[in-house]
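First comes the structure, then the notes that go with it.
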Amino acid sequence: MNPAALAAAAATKFAKIHVLIAIDQSAQPNRAVGMWALQEMGITPIGPAFLAGPPYNYAFVSSPVVDPAYLDEAIPAFFDAIENDPLLPNVIRLKCLDGDSKSYAAILKALAARGSQKILKLSERPRPYASKDSGQKRSGSTRKKLRQDWNRLSGLGAVDVANERAPGEVRDAFEIFLAMEAQGWKGAQGTALLCSDEDAAFVRQLIGSLAAQGNASVALLRVDGRAIAAQVLLYCGPLAYTWKTAFDPEYGKYSPGALLVDRITEQLMTAGPIEAIESCSPEGGFMTQLWDGRRTTVDLLVDVGAGKSLNFTVAAIGERGYTRLRSLRDKLRAVSFLRPKRKRLMALR
């Protein structure tokens, strides 16, 4: 929801974004007390549209930003504005809502007050979260393996972690991340950021704009000065977000991505104003092995319009079908004998 991020998406035409701003008109002068950015998308390539959060791809939070004192006024005002604007779709798909936030409770309260029956919870799942009260796991097999991997890696050379915040250094480190991601499995599958000129242009402007504010960095795990893992971090006040990670496949057996996140978590928690770290990992991932904390991620589909809605029915069918296909894909991936066998290659130097 950072305005610099929304501006980057708009400037690169990466998403069609609508920004709702709640204004307290009783204050003199009037002042903004909430903001919610949603993107307009098509239910099908030729079908009707709906609003969606997060407001652009590669974002992992869709909750509105609201002054806590105005939650019960701002959230209903958002829904009223959507319903009353003839140019905006009434169907809203909200993925990656923070189910433990006060804004989520306010969303449910506002929908209940509208008497809307068109609410579908698509999914609810835990995600890793680190805080000073519930942070890194300090014992167990994961901790033992991390120590072993660090020691083995240290046998190859001097190991260190760099996390510079100067804008120029952030941009340089981000290029290292992009190249590293493209060299890994995402590059092989065609899903790395550099595989799309449009995606690459957007994320470069995104990180550059946030870095200029001091709200982005790229932590690097290095061996003798060579980066072998990169973790892109975003910041908002006392909260950090582990946005994206990549590692050099040549060092995969040392768990470089996990080592970097573990070390950078300790650094952020012990030095500086950071009080908590969001994993940006709604599907779980390796951070579930590193952190004790959990928060709830919720996906909702709602319709704020009056009466029956064909668009809501079509969107619900589409989302349920998509969920089933993802579940089937995950089950197939879990069956080892269906996975392609890796070729054993010998390299001569």
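Here, A, B, ... name the chains of the structure tokens in the order displayed, residue numbers run from 1 inside each chain, and ligands are numbered from 1 in the same displayed order.
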Residues within 7 Å of stretch 149-156 of chain A, only C-alpha atoms, excluding chain neighbours under 3 positions, as a PyMOL selection string: chain A and resi 145-146+159+254-255
Expected answer as a PyMOL selection string: alpha helix (DSSP H) residues in stretch 56-305 of chain A: chain A and resi 71-84+102-114+141-154+167-183+185-189+197-212+256-270+287-290
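What separates atom CA of A:Ala110 from atom CA of A:Leu71 is a distance of 9.7 Å.
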Atom CA of A:Asp292 to atom CA of A:Glu275, distance in Å rounded to a single decimal: 14.8 Å
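For the choices A:Arg171, A:Lys137, A:Thr296, A:Gly272, the atom-to-atom distance to A:Val203 is smallest for A:Arg171 when using only C-alpha atoms.
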Shortest interatomic distance to A:Val91 - which of A:Glu40, A:Glu124, A:Asp72, A:Glu169, counting only C-alpha atoms: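 Nearest to A:Val91: A:Glu40.
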All residues 9 Å or closer to stretch 126-131 of chain A, only C-alpha atoms, same chain fewer than 5 positions away omitted, as JSON, numbers by chain: {"A": [136, 265, 269, 274, 275, 276, 277, 278, 279, 280, 281, 282, 283, 284, 285, 287, 288, 289, 290, 291, 292, 293, 294, 295, 296, 297, 298]}
Quick one: which stretch 186-238 of chain A residues come within 8 Å of stretch 179-182 of chain A, and what is the nearest atom pair for each with the distance in Å to one decimal, counting only C-alpha atoms, rows ordered by chain and ascending number, as a Markdown table?
```
| residue | atom | partner | partner_atom | distance |
| --- | --- | --- | --- | --- |
| A:Lys186 | CA | A:Ala182 | CA | 6.3 |
| A:Gly187 | CA | A:Ala182 | CA | 4.1 |
| A:Ala188 | CA | A:Ala182 | CA | 7.5 |
| A:Ala192 | CA | A:Ala182 | CA | 5.3 |
| A:Leu193 | CA | A:Ala182 | CA | 7.3 |
| A:Leu194 | CA | A:Ala182 | CA | 6.4 |
| A:Cys195 | CA | A:Ala182 | CA | 7.5 |
| A:Ala229 | CA | A:Met180 | CA | 7.8 |
| A:Ala230 | CA | A:Met180 | CA | 7.9 |
```
Atom-to-atom span, atom CA of A:Leu210 and atom CA of A:Ile75, Å: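 Between atom CA of A:Leu210 and atom CA of A:Ile75 the gap is 26.8 Å.
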In stretch 130-205 of chain A, DSSP strand (DSSP E or B) residues written as a VMD selection string: chain A and resid 130 to 131 136 159 to 162
